[in-house]
2 protein chains.
Amino acid sequence: MSAPDEPRSHWAWGLASRLPDLAARTLLGEQVAGLLGAGPFAPLPEPSLDEARVREPRCPIPADLAAFATAERAVRARHTHGRSFPDQVRAFRGDFLNAPDLVAFPRDEAEVAVALAAAEREGLAVIPFGGGTSVVGGVAAPTGTAHRGVLSLDLRAMDRVIEVDREARAARIQAGATGPALERQLSDHGYTLRHYPQSFEFSTLGGWVATRAGGHFATLYTHIDDLVESVRVVTPRGLLATRRLPASGAGPAPERLILGSEGVLGVITEAWVRVQERPRYRESASVLFASFHAAVAATRAIAQAALFPSNCRLLDPTEALINLVADGSDSVLILAFESADHAPSARLDRALEIAISLGGRCPRGPVRRVDGGGRAAGDGSAEAWRQAFLDGPYRQSALITLGVVADTFETCCTWGAFPALHAALARSAREAFARCGARGTLSCRFTHVYPDGPAPYYTFVATPGDRDMLDTWAEIKGAVSDTLVAEGATITHHHSVGRVHRPWYEQERPPLFGAILAAAKQAVDPAGVLNPGVLIPEIER
Amino acid sequence: MSAPDEPRSHWAWGLASRLPDLAARTLLGEQVAGLLGAGPFAPLPEPSLDEARVREPRCPIPADLAAFATAERAVRARHTHGRSFPDQVRAFRGDFLNAPDLVAFPRDEAEVAVALAAAEREGLAVIPFGGGTSVVGGVAAPTGTAHRGVLSLDLRAMDRVIEVDREARAARIQAGATGPALERQLSDHGYTLRHYPQSFEFSTLGGWVATRAGGHFATLYTHIDDLVESVRVVTPRGLLATRRLPASGAGPAPERLILGSEGVLGVITEAWVRVQERPRYRESASVLFASFHAAVAATRAIAQAALFPSNCRLLDPTEALINLVADGSDSVLILAFESADHAPSARLDRALEIAISLGGRCPRGPVRRVDGGGRAAGDGSAEAWRQAFLDGPYRQSALITLGVVADTFETCCTWGAFPALHAALARSAREAFARCGARGTLSCRFTHVYPDGPAPYYTFVATPGDRDMLDTWAEIKGAVSDTLVAEGATITHHHSVGRVHRPWYEQERPPLFGAILAAAKQAVDPAGVLNPGVLIPEIER
């Protein structure tokens, strides 16, 4: 087979056409120089895929995969890296030395099973591949010598909405469907999944399920977990298909062991997910706080009032500035409520009342829209935020061409733990900057909130200092990750574990649960072909 | 040690003092005779514990358990049975032949570990015991010969609220705390868990977690699963303690494997749970429907409108009559909304608007209460329902003294699957009644509802016909359980699996998930001491 058309960058985030051009990157370099009090930062030109150093295949294509697998150099290169900071830096530098040896594009569940059987027979490792947008090394090949070769299993040919159940408002969707592909098909039926991770344009339903992706809703349905009704998973020992049930109390929930399994237990081929009608009513407001501390208290009060905002994103002053929703002096709480059924005015009014009673100001008042009308009224913070949200990853790639270290990390903790965690992270980052001789900033927003705590999301931007930018990144990432685990928070609220977070995941996870996961893997993947070294140590044999 | 005071019946549901007396049972017999067109049903007197046939202990108390274990006959008898229909019938008949050989009351986590170590060393099976209210044989001893004896591990000495986190609104509670015990302690802090299974008075937090108990809320927080922040579990291989996190995306959720594990992986000793302030605003209404079909459609529309009623219980005409909320000609939808923060009037109004637009009538209008006021206004359906809900299990015990077969079963399915399931269950039950030469009725309510489907709850009442009442029960229970599995529903939404549901659980559960559970058990309980034969086949050795 030959490679599909590829408008996506071979090294950077997303569409090649959307990376800021040289002029825009030059301007960005000047802005960053101002932010960091360092520089100048001049953009390097983008690398070409032709110059990339791609490892030659170490094994032939098994005969039974010939109809849907390829060893084409460009295809293998494009399946080498996810989109973590180190992935992008290595790819920018032309390093595709850890490329998979072959890439398969199964067209149905039977071909997934054939691929797993071939891998087991031929001693290949299998890396399930969806959008390839992992920011944690989730699609990287194992570097050990336990396998004869590595097969990247790209699910994107399985991209259909197979069935829609109008009574249950649920849809059966193939795992390889990207966000836009599944939303387009659902919209033919008047439905939407409304799961919008930042990677929405490229990532797939199967990837979301495998990594417990976080989505659009700031409360209530925060993770894909909350939208999944049942899953189908092909394992080396056969199919694991859970029953379509709105809920059950029959033993531990089987789908909850698949959610977050990151490809180590099987390849997700389908899921039934809960969809809904497109919201008719949308109401939003931006609340400014002179004090971040007061803003956190207000966000907590709203999260504990059972108002269920669809958006409840708190930006600290730096985040508000970077994302163009305020001038950098105030923290901003963006509140939004939506419904397909009724105007959520009472809930927004009550949330605003709480926010204002705790020190917030809403100078422009709420925006209330029905069926898309009323957009002109009120402020544009929510819209500015949405655009900045989608542009963020492109900006990270642009910063890499400038030689700037920029990354995000996220977590979740209880409300009581947050102030100490926040202070400790600022200190960790500052000390890591200093150890590298770097200048840097750390900013914070809340992406999701729960009655018992927030999901804080941090962005750091730094000069490389006196080290290579990959080493400076590793120093900062290691320091803040150590702090997350030490302060009782989680290493990830929705970016997942992959290869990047595994050292800290192993500290966070109860040791006996690690033993249970290893036993579970042994039961369904005794040869250890699936994502060796992800979540659990590679099985010795 | 000696036995604690025991106001609870040794054979029937709940407090011995609350079983209807002979006169009341005589009246109940007349009512049932009218309902079934059969009879007469005369109450037998209650049995005495002194006459019970209790197996003698087959093994001595290990020395290291002497301080907190007993082999006292009455204590062992009281740990023999749960409160399933067959449990109660056997106990009513004096059959305690499967009594555990000893009962331990650990006072802390260390003593739980000591008990598990002793069991492993001495070849005993361990049955974790909370309220002993299982209706599915969840506390029954294994009947095989693989173990030298059976140790019932009663957690009720561990009943404290250890810590309250006011910022996160969460509490750390020991597993043996019963509903009233934990609510009493939480109320000192102004909080409530608001998890009210029908067994609330007697069952424990640990039991709720082990069985994924269903609670008060008809939507949103339907199971204890939704209220658990973290768990501590003692396994034969050590402690498994999950981190206190509002949410995480770091691998499969460990606490989700403990929820529903029914004591086969470890003994739950503590959980952090999300609590809340006592609701200040309560609004409710009862909507009557001449057609059950229309009532189902209205319930679905409300469940899909994201209004989140705390109560959304639909009763068919028979259930409405039995529970004294209507005259038997209408179906009744009981709606309630509550909040500690704001009046939920807009949500109730919208739910009523939907119900009325789909054929409902609300002749008495809504009841809106603030801080306990306003109780007099409106109708008393919600209150009548609550009392009937708590009295239900006592009535079942009373019916057993009359020789009447009476039980409930519950499930969950998609909205589209419900009509066929409902019809098939009616047919199954009718045919089972006929095979037994019995006369019986089957009635239905929804206890919980989801956007994608309801959780229907069925009650059957039948004469024993030409068989022993246990055989008639088994015939009916087997028939409706076969139908549940065949129609794609679950064998249990919140009653759990235990020994009663295991044959159908094994059909419902993906076979590979069974292999995974067995592997997980092997990792933490290699000797197979914990609840052998529950959820997974007893390990052969």
# chains A, B, ... in the order shown; residues from 1 in each chain; ligands from 1
>>> closest_atom_pairs(of="chain A", to="chain B", cutoff="7 Å", atoms="only C-alpha atoms", output="tab-separated table")
residue	atom	partner	partner_atom	distance
A:Glu167	CA	B:Gly416	CA	5.5
A:Ala168	CA	B:Asp452	CA	4.0
A:Arg169	CA	B:Asp452	CA	6.1
A:Ala170	CA	B:Asp452	CA	6.9
A:Arg212	CA	B:Gly249	CA	5.6
A:Leu240	CA	B:Pro510	CA	5.8
A:Ala241	CA	B:Pro510	CA	6.0
A:Thr242	CA	B:Pro510	CA	6.0
A:Leu245	CA	B:Cys413	CA	5.5
A:Pro246	CA	B:Asp452	CA	5.6
A:Ala247	CA	B:Cys412	CA	6.4
A:Ser248	CA	B:His493	CA	4.3
A:Gly249	CA	B:His493	CA	4.5
A:Ala250	CA	B:Ser496	CA	5.4
A:Gly251	CA	B:Gly260	CA	4.4
A:Pro252	CA	B:Gly260	CA	4.5
A:Ala253	CA	B:Arg256	CA	6.9
A:Pro254	CA	B:Phe513	CA	6.5
A:Arg256	CA	B:Pro252	CA	6.5
A:Leu257	CA	B:Pro252	CA	5.2
A:Ile258	CA	B:Pro252	CA	6.8
A:Leu259	CA	B:Pro252	CA	5.8
A:Gly260	CA	B:Gly251	CA	4.4
A:Ser261	CA	B:Pro252	CA	5.6
A:Ala305	CA	B:Asp341	CA	5.7
A:Asp341	CA	B:Ala305	CA	5.7
A:Cys412	CA	B:Ala247	CA	6.4
A:Cys413	CA	B:Leu245	CA	5.5
A:Thr414	CA	B:Ala168	CA	5.8
A:Trp415	CA	B:Ala168	CA	5.3
A:Gly416	CA	B:Glu167	CA	5.5
A:Tyr450	CA	B:Pro246	CA	6.3
A:Pro451	CA	B:Ala168	CA	6.7
A:Asp452	CA	B:Ala168	CA	4.1
A:Gly453	CA	B:Pro246	CA	5.6
A:Ala489	CA	B:Leu245	CA	6.9
A:Thr490	CA	B:Ser248	CA	6.3
A:Ile491	CA	B:Ala250	CA	6.8
A:Thr492	CA	B:Gly249	CA	5.6
A:His493	CA	B:Ser248	CA	4.3
A:His494	CA	B:Gly249	CA	4.7
A:His495	CA	B:Gly249	CA	6.9
A:Ser496	CA	B:Ala250	CA	5.4
A:Val497	CA	B:Ala250	CA	5.7
A:Tyr505	CA	B:Ala250	CA	6.8
A:Pro510	CA	B:Leu240	CA	5.9
A:Leu512	CA	B:Leu240	CA	5.9
A:Phe513	CA	B:Pro254	CA	6.5
A:Ala515	CA	B:Ala523	CA	6.3
A:Ile516	CA	B:Ala520	CA	4.8
A:Ala519	CA	B:Ala519	CA	5.3
A:Ala520	CA	B:Ile516	CA	4.8
A:Ala523	CA	B:Ile516	CA	5.9
A:Leu535	CA	B:Gly251	CA	7.0
>>> select_by_dssp(residues="region 384-538 of chain A", states="strand (DSSP E or B)", output="list in words")
Val405, Ala406, Asp407, Thr408, Phe409, Glu410, Gly440, Thr441, Leu442, Ser443, Cys444, Arg445, Phe446, Thr447, His448, Val449, Tyr450, Gly453, Pro454, Ala455, Pro456, Tyr457, Tyr458, Thr459, Phe460, Val461, Ala462 and Leu530 of chain A
>>> closest_residue(among="A:Asn531, A:Ser203, A:Ser152, A:Thr299", to="Ala69 (chain A)", atoms="only C-alpha atoms")
A:Ser152
>>> select_by_dssp(residues="region 65-99 of chain B", states="helix (DSSP H, G or I)", output="JSON, numbers by chain")
{"B": [65, 73, 74, 75, 76, 77, 78, 85, 86, 87, 88, 89, 90, 91, 92]}
>>> write_last_selection(atoms="C-alpha atoms", output="mmCIF file, in the first residue's frame")
data_model
loop_
_atom_site.group_PDB
_atom_site.id
_atom_site.type_symbol
_atom_site.label_atom_id
_atom_site.label_comp_id
_atom_site.auth_asym_id
_atom_site.auth_seq_id
_atom_site.Cartn_x
_atom_site.Cartn_y
_atom_site.Cartn_z
ATOM 1 C CA LEU B 65 -6.981 -13.541 66.734
ATOM 2 C CA ARG B 73 -22.792 -19.897 68.624
ATOM 3 C CA ALA B 74 -25.164 -16.914 68.435
ATOM 4 C CA VAL B 75 -22.566 -14.681 66.831
ATOM 5 C CA ARG B 76 -21.692 -17.282 64.242
ATOM 6 C CA ALA B 77 -25.395 -17.809 63.518
ATOM 7 C CA ARG B 78 -25.873 -14.092 62.965
ATOM 8 C CA PHE B 85 -35.099 -14.341 49.978
ATOM 9 C CA PRO B 86 -33.508 -17.799 50.271
ATOM 10 C CA ASP B 87 -31.297 -16.584 53.142
ATOM 11 C CA GLN B 88 -34.344 -15.456 55.081
ATOM 12 C CA VAL B 89 -36.324 -18.601 54.325
ATOM 13 C CA ARG B 90 -33.464 -20.841 55.457
ATOM 14 C CA ALA B 91 -32.931 -18.771 58.582
ATOM 15 C CA PHE B 92 -36.688 -18.730 59.268
#
>>> residues_around(residues="region 14-21 of chain A", least_positions_apart="2", cutoff="10 Å", atoms="only C-alpha atoms", output="VMD selection string")
chain A and resid 6 to 12 23 to 28 43 45 to 46 83 131 to 133 199 201 to 202 391 393 to 399
>>> residues_around(residues="Thr143 (chain B)", least_positions_apart="6", cutoff="10 Å", atoms="only C-alpha atoms", output="PDB file with C-alpha atoms, in the first residue's frame")
ATOM      1  CA  ASN B  98     -23.370 -23.143  56.840  1.00  0.00           C
ATOM      2  CA  VAL B 150     -14.447 -20.020  57.424  1.00  0.00           C
ATOM      3  CA  PRO B 532     -13.624 -17.882  47.428  1.00  0.00           C
ATOM      4  CA  GLY B 533     -16.111 -18.440  44.622  1.00  0.00           C
TER       5      GLY B 533
END
>>> residues_around(residues="Gly465 (chain B)", least_positions_apart="5", cutoff="8 Å", atoms="only C-alpha atoms", output="list in words")
Phe433, Cys436, Gly437, Ala438, Arg439 and Thr472 of chain B
>>> write_last_selection(atoms="C-alpha atoms", output="mmCIF file, in the first residue's frame")
data_model
loop_
_atom_site.group_PDB
_atom_site.id
_atom_site.type_symbol
_atom_site.label_atom_id
_atom_site.label_comp_id
_atom_site.auth_asym_id
_atom_site.auth_seq_id
_atom_site.Cartn_x
_atom_site.Cartn_y
_atom_site.Cartn_z
ATOM 1 C CA PHE B 433 -45.570 -18.876 37.866
ATOM 2 C CA CYS B 436 -44.929 -23.867 39.571
ATOM 3 C CA GLY B 437 -48.717 -23.881 39.630
ATOM 4 C CA ALA B 438 -48.406 -20.509 41.345
ATOM 5 C CA ARG B 439 -50.354 -17.270 41.097
ATOM 6 C CA THR B 472 -40.726 -21.586 43.342
#
>>> residues_around(residues="Glu72 (chain A)", least_positions_apart="4", cutoff="12 Å", atoms="only C-alpha atoms", output="ChimeraX atom specification")
/A:1-4,54-57,60-61,76-79,99-104
>>> write_last_selection(atoms="N, CA and C atoms", output="PDB file, in the first residue's frame")
ATOM      1  N   MET A   1       0.837  -1.202   0.000  1.00  0.00           N
ATOM      2  CA  MET A   1       0.000   0.000   0.000  1.00  0.00           C
ATOM      3  C   MET A   1       0.873   1.254   0.000  1.00  0.00           C
ATOM      4  N   SER A   2       0.308   2.373  -0.376  1.00  0.00           N
ATOM      5  CA  SER A   2       1.091   3.621  -0.363  1.00  0.00           C
ATOM      6  C   SER A   2       0.508   4.582   0.658  1.00  0.00           C
ATOM      7  N   ALA A   3       1.273   5.614   0.946  1.00  0.00           N
ATOM      8  CA  ALA A   3       0.918   6.501   2.058  1.00  0.00           C
ATOM      9  C   ALA A   3      -0.251   7.407   1.700  1.00  0.00           C
ATOM     10  N   PRO A   4      -1.116   7.707   2.664  1.00  0.00           N
ATOM     11  CA  PRO A   4      -2.206   8.659   2.415  1.00  0.00           C
ATOM     12  C   PRO A   4      -1.652  10.080   2.300  1.00  0.00           C
ATOM     13  N   VAL A  54      16.214   8.472   9.186  1.00  0.00           N
ATOM     14  CA  VAL A  54      15.202   7.463   9.532  1.00  0.00           C
ATOM     15  C   VAL A  54      15.868   6.091   9.546  1.00  0.00           C
ATOM     16  N   ARG A  55      15.689   5.373  10.634  1.00  0.00           N
ATOM     17  CA  ARG A  55      16.273   4.024  10.714  1.00  0.00           C
ATOM     18  C   ARG A  55      15.706   3.143   9.603  1.00  0.00           C
ATOM     19  N   GLU A  56      16.541   2.297   9.020  1.00  0.00           N
ATOM     20  CA  GLU A  56      16.067   1.340   8.020  1.00  0.00           C
ATOM     21  C   GLU A  56      15.250   0.250   8.721  1.00  0.00           C
ATOM     22  N   PRO A  57      14.275  -0.317   8.033  1.00  0.00           N
ATOM     23  CA  PRO A  57      13.488  -1.395   8.650  1.00  0.00           C
ATOM     24  C   PRO A  57      14.379  -2.571   9.027  1.00  0.00           C
ATOM     25  N   PRO A  60      11.169  -7.726   7.641  1.00  0.00           N
ATOM     26  CA  PRO A  60      10.288  -7.608   6.482  1.00  0.00           C
ATOM     27  C   PRO A  60       8.830  -7.461   6.908  1.00  0.00           C
ATOM     28  N   ILE A  61       7.989  -7.083   5.966  1.00  0.00           N
ATOM     29  CA  ILE A  61       6.537  -7.032   6.235  1.00  0.00           C
ATOM     30  C   ILE A  61       6.008  -8.458   6.203  1.00  0.00           C
ATOM     31  N   ARG A  76       6.879   5.702   7.856  1.00  0.00           N
ATOM     32  CA  ARG A  76       7.499   5.291   9.108  1.00  0.00           C
ATOM     33  C   ARG A  76       7.984   6.508   9.897  1.00  0.00           C
ATOM     34  N   ALA A  77       8.543   7.472   9.186  1.00  0.00           N
ATOM     35  CA  ALA A  77       9.010   8.700   9.865  1.00  0.00           C
ATOM     36  C   ALA A  77       7.847   9.392  10.577  1.00  0.00           C
ATOM     37  N   ARG A  78       6.716   9.469   9.899  1.00  0.00           N
ATOM     38  CA  ARG A  78       5.551  10.160  10.469  1.00  0.00           C
ATOM     39  C   ARG A  78       4.922   9.400  11.636  1.00  0.00           C
ATOM     40  N   HIS A  79       5.310   8.177  11.837  1.00  0.00           N
ATOM     41  CA  HIS A  79       4.818   7.407  12.988  1.00  0.00           C
ATOM     42  C   HIS A  79       5.871   7.250  14.076  1.00  0.00           C
ATOM     43  N   ALA A  99      12.395   5.153  14.389  1.00  0.00           N
ATOM     44  CA  ALA A  99      11.191   4.915  13.574  1.00  0.00           C
ATOM     45  C   ALA A  99      10.732   3.468  13.690  1.00  0.00           C
ATOM     46  N   PRO A 100       9.425   3.253  13.618  1.00  0.00           N
ATOM     47  CA  PRO A 100       8.943   1.870  13.577  1.00  0.00           C
ATOM     48  C   PRO A 100       9.410   1.212  12.277  1.00  0.00           C
ATOM     49  N   ASP A 101       9.435  -0.109  12.283  1.00  0.00           N
ATOM     50  CA  ASP A 101       9.928  -0.836  11.123  1.00  0.00           C
ATOM     51  C   ASP A 101       8.855  -1.018  10.068  1.00  0.00           C
ATOM     52  N   LEU A 102       7.631  -1.019  10.515  1.00  0.00           N
ATOM     53  CA  LEU A 102       6.529  -1.037   9.559  1.00  0.00           C
ATOM     54  C   LEU A 102       5.303  -0.381  10.188  1.00  0.00           C
ATOM     55  N   VAL A 103       4.418   0.062   9.308  1.00  0.00           N
ATOM     56  CA  VAL A 103       3.183   0.716   9.747  1.00  0.00           C
ATOM     57  C   VAL A 103       2.023   0.005   9.068  1.00  0.00           C
ATOM     58  N   ALA A 104       1.044  -0.408   9.874  1.00  0.00           N
ATOM     59  CA  ALA A 104      -0.134  -1.069   9.309  1.00  0.00           C
ATOM     60  C   ALA A 104      -1.359  -0.189   9.498  1.00  0.00           C
TER      61      ALA A 104
END
>>> atom_distance(atom1="CA of Arg184 (chain B)", atom2="CA of Glu383 (chain B)")
21.6 Å
